[in-house]
>>> print(open('target22.txt').read())   # compact mmCIF, C-alpha atoms
# COMPACT_ATOMS: atom_id res chain seq x y z
CA MET A 1 0.00 0.00 0.00
CA ASN A 2 1.38 3.38 -0.98
CA LEU A 3 -0.91 5.94 0.53
CA GLU A 4 0.85 8.93 -1.01
CA TYR A 5 0.17 7.56 -4.50
CA PHE A 6 -3.28 6.28 -3.64
CA GLN A 7 -2.17 2.72 -4.37
CA LEU A 8 -4.31 0.95 -1.84
CA ILE A 9 -3.99 -2.65 -2.90
CA ASP A 10 -0.78 -4.62 -3.18
CA ARG A 11 -1.53 -7.85 -5.01
CA ILE A 12 -4.36 -9.76 -6.58
CA THR A 13 -4.46 -13.22 -5.04
CA ALA A 14 -7.42 -14.63 -6.96
CA ILE A 15 -9.74 -13.57 -9.71
CA ASP A 16 -12.52 -15.63 -11.24
CA LEU A 17 -14.19 -14.02 -14.23
CA ALA A 18 -16.79 -16.78 -14.48
CA GLN A 19 -17.82 -16.32 -10.87
CA ARG A 20 -17.19 -12.56 -11.14
CA THR A 21 -15.13 -12.41 -7.98
CA ILE A 22 -11.74 -11.09 -6.95
CA ALA A 23 -9.55 -11.31 -3.87
CA VAL A 24 -6.62 -9.04 -3.08
CA GLU A 25 -4.24 -8.32 -0.25
CA ALA A 26 -3.18 -4.95 1.03
CA ASP A 27 -0.67 -4.15 3.75
CA VAL A 28 -1.39 -1.01 5.71
CA PRO A 29 2.00 0.71 6.19
CA GLN A 30 3.47 1.06 9.65
CA THR A 31 4.16 4.72 9.11
CA GLY A 32 2.85 7.52 6.93
CA THR A 33 2.13 11.20 7.15
CA ILE A 34 -1.57 10.46 7.09
CA PHE A 35 -1.31 8.83 10.49
CA GLU A 36 0.21 11.97 11.98
CA GLY A 37 -3.11 13.69 11.69
CA HIS A 38 -5.44 10.70 11.76
CA PHE A 39 -4.99 10.66 14.74
CA PRO A 40 -2.17 11.99 16.94
CA GLY A 41 -1.50 9.29 19.51
CA ARG A 42 -4.06 6.94 17.95
CA PRO A 43 -3.14 6.25 14.32
CA LEU A 44 -5.99 4.73 12.31
CA MET A 45 -6.55 3.94 8.67
CA PRO A 46 -9.24 6.42 7.53
CA GLY A 47 -12.58 4.84 6.69
CA VAL A 48 -12.75 6.67 3.36
CA LEU A 49 -9.48 4.99 2.35
CA LEU A 50 -10.87 1.60 3.32
CA ILE A 51 -13.80 2.36 1.03
CA GLU A 52 -11.33 3.38 -1.67
CA ALA A 53 -9.47 0.09 -1.17
CA MET A 54 -12.73 -1.79 -1.76
CA ALA A 55 -13.36 0.41 -4.80
CA GLN A 56 -9.91 -0.32 -6.25
CA THR A 57 -10.43 -4.03 -5.66
CA SER A 58 -13.78 -3.89 -7.44
CA GLY A 59 -12.21 -1.77 -10.14
CA TRP A 60 -9.64 -4.42 -11.02
CA LEU A 61 -12.38 -7.01 -11.30
CA LEU A 62 -14.28 -4.76 -13.70
CA ILE A 63 -11.17 -3.85 -15.69
CA ALA A 64 -10.36 -7.53 -16.11
CA MET A 65 -13.92 -8.36 -17.09
CA MET A 66 -13.80 -5.59 -19.70
CA ASN A 67 -10.46 -6.78 -21.04
CA ILE A 68 -8.71 -3.54 -20.07
CA GLN A 69 -10.70 -1.63 -22.67
CA ARG A 70 -12.84 0.42 -20.30
CA MET A 71 -12.16 2.31 -17.09
CA PRO A 72 -14.53 2.17 -14.13
CA PHE A 73 -15.07 5.26 -12.00
CA LEU A 74 -16.59 5.15 -8.53
CA ALA A 75 -20.06 6.71 -8.67
CA ALA A 76 -21.85 5.71 -5.48
CA VAL A 77 -21.18 4.10 -2.12
CA LYS A 78 -24.02 2.44 -0.24
CA GLU A 79 -24.30 0.69 3.05
CA ALA A 80 -20.67 1.27 3.91
CA LYS A 81 -19.86 -0.06 7.33
CA MET A 82 -16.61 0.33 9.24
CA ARG A 83 -16.93 -2.37 11.84
CA SER A 84 -13.66 -2.02 13.70
CA PHE A 85 -10.56 0.17 13.87
CA VAL A 86 -7.73 -0.53 11.43
CA PRO A 87 -4.35 0.52 12.85
CA PRO A 88 -1.06 0.75 10.91
CA GLY A 89 0.60 -2.55 10.00
CA GLU A 90 -2.53 -4.61 9.46
CA LYS A 91 -2.83 -7.02 6.54
CA LEU A 92 -6.14 -6.57 4.73
CA ALA A 93 -7.87 -9.29 2.74
CA ILE A 94 -10.28 -7.61 0.36
CA THR A 95 -12.87 -9.34 -1.79
CA ALA A 96 -15.39 -8.07 -4.30
CA ARG A 97 -18.18 -9.64 -6.28
CA LEU A 98 -20.05 -8.26 -9.27
CA VAL A 99 -23.67 -7.79 -8.26
CA HIS A 100 -25.02 -6.27 -11.45
CA GLU A 101 -23.67 -5.53 -14.91
CA GLY A 102 -25.66 -2.72 -16.49
CA SER A 103 -25.17 -0.69 -19.63
CA GLY A 104 -22.24 1.58 -18.84
CA PHE A 105 -22.41 0.87 -15.14
CA ALA A 106 -21.79 -1.92 -12.66
CA MET A 107 -22.44 -2.63 -9.01
CA THR A 108 -20.26 -4.64 -6.69
CA SER A 109 -20.39 -5.92 -3.15
CA ALA A 110 -17.03 -5.62 -1.40
CA GLU A 111 -15.63 -6.60 1.94
CA ILE A 112 -12.43 -6.21 3.96
CA SER A 113 -11.37 -8.83 6.47
CA ILE A 114 -8.50 -8.88 8.94
CA GLY A 115 -7.51 -12.27 10.29
CA GLY A 116 -10.72 -13.75 8.96
CA LYS A 117 -12.93 -11.20 10.68
CA LYS A 118 -15.09 -8.90 8.57
CA THR A 119 -13.93 -5.35 9.17
CA CYS A 120 -15.65 -3.29 6.45
CA ASN A 121 -18.18 -3.80 3.71
CA ALA A 122 -20.02 -1.71 1.16
CA THR A 123 -22.05 -1.84 -2.01
CA LEU A 124 -20.39 0.20 -4.74
CA THR A 125 -21.63 1.59 -8.03
CA PHE A 126 -19.30 2.38 -10.92
CA SER A 127 -19.85 4.07 -14.23
CA HIS A 128 -17.45 2.86 -16.87
CA VAL A 129 -16.32 4.35 -20.15
CA PRO A 130 -13.72 3.53 -22.80
CA PHE A 131 -10.29 4.74 -21.72
CA PRO A 132 -10.18 8.43 -22.66
CA ASN A 133 -6.70 8.02 -24.12
CA GLU A 134 -4.08 5.35 -24.72
CA GLU A 135 -1.63 6.88 -22.23
CA PHE A 136 -4.12 6.34 -19.43
CA ARG A 137 -4.76 2.76 -20.56
CA GLN A 138 -1.06 1.95 -20.79
CA HIS A 139 -0.55 3.35 -17.28
CA MET A 140 -3.28 1.05 -15.99
CA ILE A 141 -1.64 -1.90 -17.73
CA VAL A 142 1.61 -1.10 -15.91
CA VAL A 143 -0.25 -0.97 -12.61
CA ALA A 144 -2.10 -4.16 -13.52
CA LYS A 145 1.24 -5.93 -13.92
CA ARG A 146 2.41 -4.58 -10.57
CA VAL A 147 -0.64 -5.90 -8.73
CA GLY A 148 -0.57 -9.17 -10.65
CA LEU A 149 -3.67 -9.00 -12.78
CA PRO A 150 -3.48 -12.34 -14.62
CA HIS A 151 -5.57 -11.45 -17.68
CA LEU A 152 -3.10 -9.29 -19.55
CA SER A 153 -2.33 -11.68 -22.36
CA THR A 154 -5.61 -10.87 -24.08
CA ALA A 155 -5.48 -7.15 -23.47
CA HIS A 156 -3.77 -6.41 -26.81
CA ASP A 157 -1.16 -4.18 -25.23
CA MET B 1 -49.61 -4.28 -12.90
CA SER B 2 -48.68 -2.37 -16.05
CA THR B 3 -45.11 -1.71 -17.05
CA PHE B 4 -45.65 1.98 -16.37
CA ASP B 5 -46.95 1.29 -12.87
CA GLN B 6 -43.93 -0.90 -12.11
CA VAL B 7 -41.56 1.77 -13.42
CA ALA B 8 -43.36 4.51 -11.51
CA ASN B 9 -43.18 2.49 -8.31
CA ILE B 10 -39.47 1.91 -8.83
CA ILE B 11 -38.88 5.63 -9.40
CA ALA B 12 -40.97 6.59 -6.38
CA GLU B 13 -39.09 4.20 -4.13
CA THR B 14 -35.61 4.79 -5.54
CA CYS B 15 -35.76 8.58 -5.72
CA ASP B 16 -38.20 9.31 -2.91
CA ILE B 17 -40.64 11.01 -5.27
CA PRO B 18 -44.36 10.94 -4.37
CA ARG B 19 -45.95 8.22 -6.48
CA ASP B 20 -48.96 10.34 -7.43
CA THR B 21 -46.74 12.94 -9.09
CA ILE B 22 -45.32 10.37 -11.51
CA LYS B 23 -47.40 10.29 -14.69
CA PRO B 24 -47.02 8.50 -18.02
CA GLU B 25 -46.26 11.87 -19.60
CA SER B 26 -43.61 12.75 -17.00
CA HIS B 27 -40.10 13.27 -18.32
CA ALA B 28 -37.74 11.56 -15.90
CA ILE B 29 -35.10 14.27 -16.22
CA ASP B 30 -37.01 17.45 -17.01
CA ASP B 31 -40.15 16.87 -14.91
CA LEU B 32 -39.02 14.58 -12.12
CA GLY B 33 -35.50 16.01 -11.76
CA ILE B 34 -33.80 12.62 -11.86
CA ASP B 35 -30.10 12.97 -12.61
CA SER B 36 -27.84 10.47 -14.33
CA LEU B 37 -26.55 8.95 -11.09
CA ASP B 38 -30.02 8.39 -9.68
CA PHE B 39 -31.01 6.91 -13.02
CA LEU B 40 -28.37 4.20 -12.54
CA ASP B 41 -30.28 3.02 -9.49
CA ILE B 42 -33.50 3.09 -11.48
CA ALA B 43 -31.87 1.19 -14.34
CA PHE B 44 -30.56 -1.38 -11.87
CA ALA B 45 -34.04 -1.89 -10.41
CA ILE B 46 -35.64 -2.07 -13.87
CA ASP B 47 -32.99 -4.52 -15.12
CA LYS B 48 -33.71 -6.75 -12.13
CA ALA B 49 -37.48 -6.44 -12.22
CA PHE B 50 -37.81 -7.17 -15.94
CA GLY B 51 -34.78 -9.38 -16.52
CA ILE B 52 -33.39 -7.06 -19.17
CA LYS B 53 -30.47 -4.68 -19.64
CA LEU B 54 -31.58 -1.15 -20.44
CA PRO B 55 -29.23 0.03 -23.20
CA LEU B 56 -28.45 3.33 -21.52
CA GLU B 57 -25.15 3.84 -23.32
CA LYS B 58 -26.75 3.35 -26.72
CA TRP B 59 -29.60 5.69 -25.88
CA THR B 60 -27.25 8.34 -24.53
CA GLN B 61 -25.10 8.09 -27.64
CA GLU B 62 -28.12 8.46 -29.90
CA VAL B 63 -29.24 11.56 -28.01
CA ASN B 64 -25.73 13.04 -28.09
CA ASP B 65 -25.50 12.35 -31.83
CA GLY B 66 -28.85 14.03 -32.46
CA LYS B 67 -30.36 10.77 -33.72
CA ALA B 68 -32.92 10.63 -30.92
CA THR B 69 -34.50 12.94 -28.37
CA THR B 70 -34.51 12.44 -24.64
CA GLU B 71 -38.31 12.30 -24.85
CA GLN B 72 -38.10 9.06 -26.80
CA TYR B 73 -36.41 7.29 -23.92
CA PHE B 74 -37.10 9.27 -20.76
CA VAL B 75 -40.78 10.20 -20.98
CA LEU B 76 -42.15 7.39 -18.87
CA SER B 77 -44.77 6.13 -21.32
CA ASN B 78 -42.01 5.86 -23.92
CA LEU B 79 -39.60 4.29 -21.45
CA SER B 80 -42.26 1.72 -20.57
CA ALA B 81 -42.76 0.96 -24.26
CA ARG B 82 -39.01 0.47 -24.71
CA ILE B 83 -39.02 -1.90 -21.73
CA ASP B 84 -41.88 -3.88 -23.25
CA GLU B 85 -39.90 -4.15 -26.49
CA LEU B 86 -36.82 -5.40 -24.64
CA VAL B 87 -38.85 -7.94 -22.71
CA ALA B 88 -40.49 -9.13 -25.93
CA ALA B 89 -37.10 -9.36 -27.68
CA LYS B 90 -35.73 -11.41 -24.81
CA GLY B 91 -38.57 -13.90 -25.11
CA ALA B 92 -38.39 -14.13 -28.90
>>> encode(input="target22.txt", output="structure tokens")
Amino acid sequence: MNLEYFQLIDRITAIDLAQRTIAVEADVPQTGTIFEGHFPGRPLMPGVLLIEAMAQTSGWLLIAMMNIQRMPFLAAVKEAKMRSFVPPGEKLAITARLVHEGSGFAMTSAEISIGGKKTCNATLTFSHVPFPNEEFRQHMIVVAKRVGLPHLSTAHD
Amino acid sequence: MSTFDQVANIIAETCDIPRDTIKPESHAIDDLGIDSLDFLDIAFAIDKAFGIKLPLEKWTQEVNDGKATTEQYFVLSNLSARIDELVAAKGA
């Protein structure tokens, strides 16, 4: 996890396009400027970043399902629940499942667990559009390789 | 229940709009003030209720290209007719 660059997931551990599911891991760093303010003497991973981590997880599922031809953008967050505190150094297991595939939009159900215990969950809505330019798409392919997206061979890059 | 009534109920519930203000001649955007994000929730509910996939991207593209008007797709009587067509096409 690189908070400064908004890279909130570290590696994809499983993705099943038939079942429309994904699992990733993310290591909350031990230190970071964000923890200096959130909060002094009681560092905690901000809930909005946990939501973003679920969104990025869902996003990779959608990108893979769309063969890296379209980019999903977070449009709505529903029923987000932060069930326990997440301090620095925790290892997050994040899963997402496609709930609905609409025309130009998709909905996912995502969840974060720590040590097998559900910590956060939310229902997320994304709008998705063709990549606005090839530079953006190529950047996402680079990131996809970094996080281990296994469906790059058919992406025509 | 007619397609229009189902759609009107979905809109009323999804967007918290009084059901009796939703008429067949209502324009979802111009009259009911539904924006594109709220319409995603409506499309989701319609897709589920009717077992179809509203072709929102195609419709939007046609409107943007000047090949169709928003009235053709977003006046509720017309939207209901489009839904009926999609349901019929699915069963064909």
>>> residues_around(input="target22.txt", residues="Thr3 of chain B", least_positions_apart="2", cutoff="12 Å", atoms="all atoms listed in the file", output="list in words")
Met1, Asp5, Gln6, Val7, Ala8, Asn9, Ile10, Pro24, Ile46, Ala49, Phe50, Leu76, Ser77, Asn78, Leu79, Ser80, Ala81, Arg82, Ile83, Asp84, Glu85, Leu86 and Val87 of chain B
>>> interface_residues(input="target22.txt", of="chain B", to="chain A", cutoff="9 Å", atoms="only C-alpha atoms", output="list in words")
Leu37, Leu40, Asp41, Ala43, Phe44, Asp47, Lys48, Lys53, Leu54, Pro55, Leu56, Glu57 and Lys58 of chain B
>>> axis_aligned_box(input="target22.txt", around="segment 33-36 of chain B", padding_each_side="6 Å", output="lines of an AutoDock Vina configuration file")
center_x = -31.7
center_y = 13.2
center_z = -13.0
size_x = 19.7
size_y = 17.5
size_z = 14.6
>>> atom_distance(input="target22.txt", atom1="atom CA of Met45 of chain A", atom2="atom CA of Ala14 of chain A")
24.3 Å
>>> atom_distance(input="target22.txt", atom1="atom CA of Ala45 of chain B", atom2="atom CA of Asp16 of chain A")
25.5 Å
>>> residues_around(input="target22.txt", residues="Val24 of chain A", least_positions_apart="3", cutoff="6 Å", atoms="only C-alpha atoms", output="VMD selection string")
chain A and resid 11 to 13 93 to 94
>>> residues_around(input="target22.txt", residues="segment 28-35 of chain B", least_positions_apart="6", cutoff="8 Å", atoms="all atoms listed in the file", output="MDAnalysis selection string")
chainID B and resid 15 17 22 74:76
>>> closest_residue(input="target22.txt", among="A:Val48, A:Val143, A:Leu61, A:Leu3", to="Val28 of chain A", atoms="all atoms listed in the file")
A:Leu3
>>> residues_around(input="target22.txt", residues="Ser113 of chain A", least_positions_apart="6", cutoff="10 Å", atoms="all atoms listed in the file", output="list of chain:residue names")
A:Glu25, A:Lys91, A:Leu92, A:Ala93, A:Ile94, A:Thr95, A:Thr119, A:Cys120, A:Asn121
>>> closest_residue(input="target22.txt", among="A:Val147, A:Ala55, A:Ile22, A:Val142", to="Ala96 of chain A", atoms="all atoms listed in the file")
A:Ile22
>>> atom_distance(input="target22.txt", atom1="atom CA of Pro88 of chain A", atom2="atom CA of Gln56 of chain A")
19.3 Å
>>> residues_around(input="target22.txt", residues="segment 36-39 of chain A", least_positions_apart="5", cutoff="12 Å", atoms="all atoms listed in the file", output="PyMOL selection string")
chain A and resi 30-31+44-49+85-88
>>> write_last_selection(input="target22.txt", atoms="C-alpha atoms", output="compact mmCIF listing (two decimals), in the frame of the given file")
# COMPACT_ATOMS: atom_id res chain seq x y z
CA GLN A 30 3.47 1.06 9.65
CA THR A 31 4.16 4.72 9.11
CA LEU A 44 -5.99 4.73 12.31
CA MET A 45 -6.55 3.94 8.67
CA PRO A 46 -9.24 6.42 7.53
CA GLY A 47 -12.58 4.84 6.69
CA VAL A 48 -12.75 6.67 3.36
CA LEU A 49 -9.48 4.99 2.35
CA PHE A 85 -10.56 0.17 13.87
CA VAL A 86 -7.73 -0.53 11.43
CA PRO A 87 -4.35 0.52 12.85
CA PRO A 88 -1.06 0.75 10.91
>>> decode(input="target22.txt", residues="segment 24-46 of chain B", atoms="N, CA, C and O atoms", output="CSV table (one decimal), in the first residue's frame")
chain,number,residue,atom,x,y,z
B,24,PRO,N,-47.6,9.0,-16.8
B,24,PRO,CA,-47.0,8.5,-18.0
B,24,PRO,C,-46.3,9.6,-18.9
B,24,PRO,O,-45.4,9.3,-19.6
B,25,GLU,N,-46.9,10.8,-18.8
B,25,GLU,CA,-46.3,11.9,-19.6
B,25,GLU,C,-45.1,12.6,-18.9
B,25,GLU,O,-44.5,13.5,-19.5
B,26,SER,N,-44.7,12.1,-17.7
B,26,SER,CA,-43.6,12.7,-17.0
B,26,SER,C,-42.3,12.4,-17.7
B,26,SER,O,-42.0,11.3,-18.1
B,27,HIS,N,-41.5,13.4,-17.8
B,27,HIS,CA,-40.1,13.3,-18.3
B,27,HIS,C,-39.2,13.0,-17.1
B,27,HIS,O,-39.2,13.9,-16.2
B,28,ALA,N,-38.5,11.9,-17.1
B,28,ALA,CA,-37.7,11.6,-15.9
B,28,ALA,C,-36.7,12.6,-15.5
B,28,ALA,O,-36.5,12.9,-14.3
B,29,ILE,N,-36.1,13.3,-16.5
B,29,ILE,CA,-35.1,14.3,-16.2
B,29,ILE,C,-35.7,15.6,-16.0
B,29,ILE,O,-35.5,16.3,-15.0
B,30,ASP,N,-36.5,16.1,-17.0
B,30,ASP,CA,-37.0,17.4,-17.0
B,30,ASP,C,-38.1,17.7,-16.0
B,30,ASP,O,-38.2,18.7,-15.4
B,31,ASP,N,-39.0,16.7,-15.8
B,31,ASP,CA,-40.1,16.9,-14.9
B,31,ASP,C,-39.9,16.3,-13.5
B,31,ASP,O,-40.3,16.9,-12.5
B,32,LEU,N,-39.2,15.2,-13.4
B,32,LEU,CA,-39.0,14.6,-12.1
B,32,LEU,C,-37.7,14.9,-11.5
B,32,LEU,O,-37.4,14.6,-10.3
B,33,GLY,N,-36.8,15.6,-12.3
B,33,GLY,CA,-35.5,16.0,-11.8
B,33,GLY,C,-34.5,14.9,-11.4
B,33,GLY,O,-33.6,15.0,-10.6
B,34,ILE,N,-34.7,13.8,-12.1
B,34,ILE,CA,-33.8,12.6,-11.9
B,34,ILE,C,-32.5,12.8,-12.6
B,34,ILE,O,-32.5,13.1,-13.8
B,35,ASP,N,-31.4,12.8,-11.9
B,35,ASP,CA,-30.1,13.0,-12.6
B,35,ASP,C,-29.5,11.6,-13.0
B,35,ASP,O,-30.1,10.5,-12.7
B,36,SER,N,-28.4,11.7,-13.7
B,36,SER,CA,-27.8,10.5,-14.3
B,36,SER,C,-27.4,9.4,-13.3
B,36,SER,O,-27.6,8.2,-13.5
B,37,LEU,N,-27.0,9.9,-12.1
B,37,LEU,CA,-26.6,8.9,-11.1
B,37,LEU,C,-27.8,8.2,-10.5
B,37,LEU,O,-27.8,7.0,-10.3
B,38,ASP,N,-28.8,9.0,-10.2
B,38,ASP,CA,-30.0,8.4,-9.7
B,38,ASP,C,-30.6,7.4,-10.7
B,38,ASP,O,-31.2,6.4,-10.4
B,39,PHE,N,-30.4,7.8,-12.0
B,39,PHE,CA,-31.0,6.9,-13.0
B,39,PHE,C,-30.3,5.6,-13.1
B,39,PHE,O,-30.9,4.6,-13.5
B,40,LEU,N,-29.0,5.5,-12.6
B,40,LEU,CA,-28.4,4.2,-12.5
B,40,LEU,C,-29.1,3.3,-11.6
B,40,LEU,O,-29.2,2.1,-11.8
B,41,ASP,N,-29.5,3.8,-10.4
B,41,ASP,CA,-30.3,3.0,-9.5
B,41,ASP,C,-31.6,2.6,-10.1
B,41,ASP,O,-32.1,1.4,-9.9
B,42,ILE,N,-32.2,3.5,-10.8
B,42,ILE,CA,-33.5,3.1,-11.5
B,42,ILE,C,-33.2,2.0,-12.5
B,42,ILE,O,-34.0,1.0,-12.6
B,43,ALA,N,-32.2,2.2,-13.3
B,43,ALA,CA,-31.9,1.2,-14.3
B,43,ALA,C,-31.6,-0.2,-13.7
B,43,ALA,O,-32.0,-1.2,-14.2
B,44,PHE,N,-30.9,-0.1,-12.6
B,44,PHE,CA,-30.6,-1.4,-11.9
B,44,PHE,C,-31.9,-2.1,-11.5
B,44,PHE,O,-32.0,-3.3,-11.7
B,45,ALA,N,-32.8,-1.3,-10.9
B,45,ALA,CA,-34.0,-1.9,-10.4
B,45,ALA,C,-34.9,-2.4,-11.6
B,45,ALA,O,-35.5,-3.5,-11.5
B,46,ILE,N,-34.9,-1.6,-12.7
B,46,ILE,CA,-35.6,-2.1,-13.9
B,46,ILE,C,-35.0,-3.3,-14.5
B,46,ILE,O,-35.7,-4.3,-14.8
